[in-house]
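Raw entry-v6.csv, CSV, C-alpha atoms and all ligand atoms:
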chain,number,residue,atom,x,y,z
A,1,MET,CA,0.4,7.1,-4.8
A,2,LYS,CA,0.4,5.3,-1.4
A,3,ILE,CA,-2.3,2.9,-0.4
A,4,LEU,CA,-2.7,1.6,3.2
A,5,VAL,CA,-4.6,-1.6,3.6
A,6,THR,CA,-5.3,-3.2,7.0
A,7,GLY,CA,-6.7,-6.6,8.0
A,8,PHE,CA,-7.5,-7.9,11.5
A,9,GLU,CA,-6.3,-10.5,13.8
A,10,PRO,CA,-8.7,-13.3,14.7
A,11,PHE,CA,-11.3,-12.6,17.4
A,12,ASN,CA,-14.2,-14.2,19.3
A,13,GLY,CA,-12.2,-17.4,19.9
A,14,ALA,CA,-11.5,-18.0,16.2
A,15,ASP,CA,-8.0,-19.0,15.0
A,16,ILE,CA,-8.3,-17.2,11.7
A,17,ASN,CA,-9.6,-14.0,10.3
A,18,PRO,CA,-10.3,-14.0,6.5
A,19,SER,CA,-9.2,-10.3,6.4
A,20,GLN,CA,-5.8,-11.3,7.6
A,21,GLU,CA,-5.5,-14.1,5.1
A,22,LEU,CA,-6.7,-11.8,2.3
A,23,VAL,CA,-4.4,-9.0,3.0
A,24,LYS,CA,-1.4,-11.3,2.6
A,25,HIS,CA,-2.4,-11.9,-1.1
A,26,LEU,CA,-3.1,-8.3,-2.2
A,27,LYS,CA,-0.7,-6.7,-4.6
A,28,ALA,CA,0.1,-3.1,-5.2
A,29,PRO,CA,-2.0,-1.7,-8.1
A,30,LYS,CA,0.2,-0.5,-11.0
A,31,GLY,CA,2.1,2.6,-10.1
A,32,THR,CA,1.3,2.5,-6.4
A,33,ILE,CA,3.0,1.6,-3.1
A,34,LEU,CA,1.0,-0.8,-1.0
A,35,ILE,CA,1.5,-0.7,2.8
A,36,LYS,CA,0.0,-3.6,4.7
A,37,GLU,CA,-0.8,-3.9,8.4
A,38,ILE,CA,-2.7,-6.3,10.6
A,39,LEU,CA,-4.6,-4.6,13.4
A,40,PRO,CA,-5.5,-6.0,16.8
A,41,VAL,CA,-9.2,-6.4,17.5
A,42,GLU,CA,-9.1,-3.9,20.3
A,43,PHE,CA,-10.9,-0.5,20.5
A,44,LYS,CA,-8.1,1.3,22.3
A,45,LYS,CA,-5.1,-0.1,20.5
A,46,THR,CA,-6.6,0.5,17.0
A,47,THR,CA,-7.2,4.2,17.9
A,48,VAL,CA,-3.5,4.6,18.6
A,49,ARG,CA,-2.4,2.5,15.7
A,50,ILE,CA,-4.6,4.2,13.1
A,51,HIS,CA,-3.3,7.6,14.3
A,52,GLU,CA,0.3,6.4,14.0
A,53,LEU,CA,-0.1,4.7,10.6
A,54,LEU,CA,-1.7,7.8,9.0
A,55,ARG,CA,1.0,10.1,10.5
A,56,GLU,CA,3.8,7.8,9.4
A,57,HIS,CA,2.7,6.9,5.9
A,58,GLN,CA,0.4,9.8,4.9
A,59,PRO,CA,-1.4,7.5,2.5
A,60,ASP,CA,-3.5,8.8,-0.4
A,61,VAL,CA,-5.9,5.9,0.1
A,62,ALA,CA,-6.6,3.9,3.3
A,63,ILE,CA,-8.8,0.8,3.2
A,64,SER,CA,-9.4,-1.3,6.3
A,65,ILE,CA,-10.8,-4.8,5.9
A,66,GLY,CA,-12.5,-7.0,8.4
A,67,GLN,CA,-14.7,-10.1,8.7
A,68,ALA,CA,-18.5,-9.8,8.8
A,69,GLY,CA,-19.7,-13.3,9.6
A,70,GLY,CA,-22.9,-14.3,7.9
A,71,ARG,CA,-22.7,-11.9,4.9
A,72,LYS,CA,-22.8,-13.3,1.4
A,73,GLU,CA,-21.0,-10.6,-0.4
A,74,ILE,CA,-17.8,-8.5,-0.2
A,75,CYS,CA,-19.4,-5.4,1.3
A,76,VAL,CA,-18.0,-1.9,0.7
A,77,GLU,CA,-19.2,0.1,3.7
A,78,ARG,CA,-20.9,3.5,3.1
A,79,VAL,CA,-20.9,4.9,6.6
A,80,ALA,CA,-19.2,4.8,10.0
A,81,ILE,CA,-21.1,5.9,13.1
A,82,ASN,CA,-19.9,7.5,16.3
A,83,LEU,CA,-20.7,4.6,18.5
A,84,ASP,CA,-18.8,1.8,20.2
A,85,ASN,CA,-21.1,-1.0,21.4
A,86,VAL,CA,-20.3,-4.7,21.9
A,87,ARG,CA,-23.9,-5.7,22.7
A,88,ALA,CA,-25.5,-7.7,19.9
A,89,SER,CA,-28.6,-6.2,18.5
A,90,GLY,CA,-30.8,-8.8,20.2
A,91,GLY,CA,-29.6,-7.2,23.5
A,92,VAL,CA,-28.3,-10.4,25.2
A,93,HIS,CA,-24.9,-11.3,23.8
A,94,MET,CA,-21.8,-9.3,24.6
A,95,LEU,CA,-18.6,-9.6,22.7
A,96,PRO,CA,-15.7,-7.9,24.5
A,97,ASP,CA,-12.8,-7.0,22.3
A,98,ASN,CA,-9.5,-9.1,22.5
A,99,ALA,CA,-8.4,-6.9,25.5
A,100,GLY,CA,-11.6,-7.6,27.4
A,101,ASP,CA,-13.0,-4.1,26.8
A,102,ALA,CA,-16.8,-4.0,26.5
A,103,PRO,CA,-18.1,-0.5,25.7
A,104,VAL,CA,-21.8,-0.2,25.4
A,105,ASP,CA,-23.3,2.7,23.6
A,106,GLN,CA,-20.3,5.0,24.0
A,107,PRO,CA,-19.5,7.7,21.6
A,108,ILE,CA,-16.1,7.2,19.8
A,109,GLU,CA,-15.3,11.0,19.8
A,110,ALA,CA,-17.2,13.6,21.8
A,111,ASP,CA,-16.4,16.2,19.2
A,112,GLY,CA,-16.8,14.0,16.1
A,113,GLU,CA,-19.7,13.9,13.7
A,114,ASN,CA,-22.4,11.4,14.4
A,115,ALA,CA,-21.4,9.7,11.3
A,116,TYR,CA,-18.9,10.0,8.4
A,117,PHE,CA,-19.5,8.7,4.9
A,118,SER,CA,-16.8,6.7,3.2
A,119,THR,CA,-14.7,8.8,0.9
A,120,LEU,CA,-13.9,5.8,-1.3
A,121,PRO,CA,-15.7,5.4,-4.6
A,122,VAL,CA,-18.0,2.8,-3.1
A,123,TRP,CA,-20.2,2.1,-6.2
A,124,GLU,CA,-17.3,1.9,-8.6
A,125,MET,CA,-15.6,-0.6,-6.1
A,126,VAL,CA,-18.7,-2.7,-6.0
A,127,LYS,CA,-18.9,-2.7,-9.8
A,128,ALA,CA,-15.3,-3.7,-10.0
A,129,ILE,CA,-15.9,-6.6,-7.6
A,130,GLN,CA,-19.0,-7.8,-9.5
A,131,ASP,CA,-17.2,-7.4,-12.9
A,132,ARG,CA,-14.8,-10.1,-11.6
A,133,ASN,CA,-17.8,-12.3,-11.1
A,134,VAL,CA,-17.5,-12.1,-7.3
A,135,PRO,CA,-20.6,-11.1,-5.2
A,136,GLY,CA,-20.2,-7.5,-4.0
A,137,ALA,CA,-22.6,-5.0,-2.5
A,138,VAL,CA,-22.7,-1.6,-0.7
A,139,SER,CA,-23.5,-1.9,3.0
A,140,TYR,CA,-25.1,0.8,5.1
A,141,SER,CA,-23.8,-0.5,8.4
A,142,ALA,CA,-20.4,-1.5,9.5
A,143,GLY,CA,-21.8,-2.5,12.9
A,144,THR,CA,-20.7,-1.0,16.2
A,145,TYR,CA,-17.8,-3.2,17.0
A,146,VAL,CA,-14.0,-2.7,16.2
A,147,CYS,CA,-14.5,-2.5,12.4
A,148,ASN,CA,-16.9,0.4,12.6
A,149,HIS,CA,-14.5,2.0,15.2
A,150,VAL,CA,-11.6,1.7,12.8
A,151,MET,CA,-13.6,3.1,9.9
A,152,TYR,CA,-14.7,6.0,12.1
A,153,ARG,CA,-11.1,6.7,13.2
A,154,LEU,CA,-9.9,6.8,9.6
A,155,LEU,CA,-12.6,9.2,8.6
A,156,TYR,CA,-12.4,11.3,11.7
A,157,GLU,CA,-8.7,11.8,11.3
A,158,GLY,CA,-9.1,12.2,7.6
A,159,ALA,CA,-11.6,15.0,8.0
A,160,ARG,CA,-9.3,16.8,10.4
A,161,ASN,CA,-5.8,16.2,9.2
A,162,TYR,CA,-5.8,14.5,5.8
A,163,PRO,CA,-8.6,16.1,3.7
A,164,GLU,CA,-7.2,14.7,0.4
A,165,MET,CA,-7.1,11.1,1.7
A,166,LYS,CA,-9.7,8.6,0.5
A,167,ALA,CA,-10.7,6.2,3.2
A,168,GLY,CA,-13.2,3.5,4.1
A,169,PHE,CA,-13.9,0.0,4.9
A,170,ILE,CA,-14.6,-3.4,3.3
A,171,HIS,CA,-16.2,-6.3,5.1
A,172,VAL,CA,-15.7,-9.8,3.9
A,173,PRO,CA,-17.6,-13.1,4.6
A,174,PHE,CA,-16.4,-16.1,6.5
A,175,LEU,CA,-14.0,-18.5,4.8
A,176,PRO,CA,-15.5,-22.0,4.2
A,177,LYS,CA,-13.4,-23.7,6.9
A,178,GLN,CA,-14.9,-21.3,9.5
A,179,LEU,CA,-18.4,-22.7,8.9
A,180,GLU,CA,-17.9,-25.9,10.8
A,181,MET,CA,-17.8,-24.0,14.1
A,182,MET,CA,-20.9,-22.0,13.4
A,183,GLU,CA,-23.8,-22.9,15.7
A,184,ASN,CA,-26.3,-20.6,14.0
A,185,PRO,CA,-27.2,-22.0,10.6
A,186,ALA,CA,-28.3,-18.5,9.4
A,187,GLN,CA,-24.6,-17.5,9.6
A,188,ARG,CA,-23.4,-20.4,7.4
A,189,CYS,CA,-22.4,-18.3,4.4
A,190,ALA,CA,-18.8,-18.3,3.1
A,191,MET,CA,-16.6,-17.2,0.3
A,192,LEU,CA,-13.5,-18.8,-1.2
A,193,LEU,CA,-10.3,-17.0,-0.4
A,194,SER,CA,-9.5,-16.9,-4.1
A,195,ASP,CA,-12.8,-15.1,-4.8
A,196,MET,CA,-12.2,-12.7,-1.9
A,197,VAL,CA,-8.7,-11.9,-3.2
A,198,ALA,CA,-9.9,-11.5,-6.8
A,199,GLY,CA,-12.8,-9.2,-5.7
A,200,VAL,CA,-10.8,-7.0,-3.4
A,201,GLN,CA,-7.9,-6.8,-5.7
A,202,ALA,CA,-10.2,-5.6,-8.5
A,203,ALA,CA,-11.5,-2.8,-6.2
A,204,LEU,CA,-8.0,-1.9,-5.2
A,205,ASP,CA,-6.9,-1.8,-8.8
A,206,LEU,CA,-9.2,1.2,-9.4
A,207,PHE,CA,-6.4,3.2,-7.8
A,208,ALA,CA,-3.8,2.2,-10.3
A,209,VAL,CA,-2.0,5.1,-11.9
B,1,LIG,N1,-14.5,-8.0,12.3
B,1,LIG,C1,-15.0,-7.3,13.5
B,1,LIG,C2,-13.8,-6.7,14.1
B,1,LIG,C3,-12.6,-7.4,13.5
B,1,LIG,C4,-13.2,-8.1,12.3
B,1,LIG,O1,-12.5,-8.7,11.5
B,1,LIG,C5,-16.1,-6.3,13.2
B,1,LIG,O2,-16.8,-6.4,12.2
B,1,LIG,O3,-16.2,-5.3,13.9

Here is the file; what I need is its structure written in the form of structure tokens.
Amino acid sequence: MKILVTGFEPFNGADINPSQELVKHLKAPKGTILIKEILPVEFKKTTVRIHELLREHQPDVAISIGQAGGRKEICVERVAINLDNVRASGGVHMLPDNAGDAPVDQPIEADGENAYFSTLPVWEMVKAIQDRNVPGAVSYSAGTYVCNHVMYRLLYEGARNYPEMKAGFIHVPFLPKQLEMMENPAQRCAMLLSDMVAGVQAALDLFAV
């Protein structure tokens, strides 16, 4: 049993990404091999990298993890949509990726489904997180930025080439030290790294054999 987990580099001017810190601390569930990778926050590079990682490792389970600033829980994402868009929902702010790419309302794959559902056991994962006394929830939107893009890539490739693979995405909140820079008070929610590690490890341990 091979499990691929990915985190992300920092983006949007930050010097840390909680997903990168978290991935360092994750341990292989009993009887499994855990492969770790840190992805760039770039639409184009992640497309190539996800393709290469799946081909090279042929994981049974692939879980990508990213930061979702402002969320209070560890969120197990239910669905990825066929849309790259760096424009904030208010319509004003744009957040180009780390390579400066700024797609607006572009389909990810012309021949892909409009959306793919996670093939991970999302409710069991949320329960495992909550059972460790860590806030956890299912989320019905991974956004339209690089995280949704990566989740879509995993599920698009999975549907075509790796039908047995279980794949999906987990979003984690900010770390406490990130809050000092937050201008918007509504975004000042954070989770301790130790809680993040405990919660995500519990979800991962569901795949122990
Ligand atoms: N979060 C971003 C991209 C990288 C990350 O950690 C997102 O939610 O799309």

Using only C-alpha atoms for the distances, tell me which of A:Ile63, A:Leu4, A:Val122, A:Val104 is nearest to Ser89 in chain A.
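Looking at the shortest contact to Ser89 in chain A, the residue is A:Val104.
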
Show me which residues sit within 10 Å of ligand LIG 1 (chain B) when counting all atoms listed in the file, and put them as number ranges by chain.
A: 7-12, 16-20, 39-43, 64-69, 84-86, 97-98, 141-151, 170-174

Go through A:Ala80, A:Gly13, A:Ala208, A:Ala202 one by one, measure the shortest atom-to-atom distance of each to Leu26 in chain A using all atoms listed in the file, and give the residue with the smallest value.
A:Ala202

Residues at most 6 Å from range 184-197 of chain A, counting all atoms listed in the file, excluding those fewer than 4 positions away in the same chain, as a ChimeraX atom specification?
/A:22,70,72,173-176,179,201

Excluding Ile50 in chain A and any residue of its chain fewer than 2 positions from it, enumerate the residues within 8 Å of it, using only C-alpha atoms, and give them as a list in words.
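The neighbour list is Thr46, Thr47, Val48, Glu52, Leu53, Leu54, Val150, Arg153 and Leu154 of chain A.
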
Interatomic distance (Å, one decimal) between CA of Glu164 in chain A and CA of Lys44 in chain A:
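Computing the Euclidean distance for CA of Glu164 in chain A and CA of Lys44 in chain A yields 25.7 Å.
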
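Minimum atom-to-atom distances from A:Asn82, A:Thr119, A:Thr32, A:Asn114 to Val209 in chain A were compared using all atoms listed in the file, and the lowest value belongs to A:Thr32.
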
Would you mind reading off the distance between CA of Glu56 in chain A and CA of Leu155 in chain A, one decimal, in Å?
16.5 Å

What does the distance between CA of Ile81 in chain A and CA of Lys2 in chain A come to in Å, to one decimal place?
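We find that CA of Ile81 in chain A and CA of Lys2 in chain A lie 25.9 Å from each other.
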
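Of the residues listed (A:Ile108, A:Val79, A:Ala198, A:Ala88), A:Ala198 shows the shortest atom-to-atom separation from Asp131 in chain A; distances use all atoms listed in the file.
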
Quick one: everything within 8 Å of Lys36 in chain A, counting only C-alpha atoms, minus sequence neighbours fewer than 4 positions away in the same chain. Send it as a PyMOL selection string.
chain A and resi 4-6+23

Which residue out of A:Tyr140, A:Phe207, A:Trp123, A:Phe169 has the minimum interatomic distance to Tyr152 in chain A when only C-alpha atoms are used?
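Going through A:Tyr140, A:Phe207, A:Trp123, A:Phe169 one by one, the smallest distance to Tyr152 in chain A is for A:Phe169.
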
Using only C-alpha atoms, find the one residue out of A:Pro163, A:Gly112, A:Pro121, A:Pro135 that sits nearest to Ala203 in chain A.
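Ranked by minimum distance to Ala203 in chain A, first place goes to A:Pro121.
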
So which residues touch Lys127 in chain A within 12 Å, counting only C-alpha atoms, skipping near sequence neighbours fewer than 2 positions away, as number ranges by chain?
A: 74-76, 121-125, 129-138, 199-200, 202-204, 206
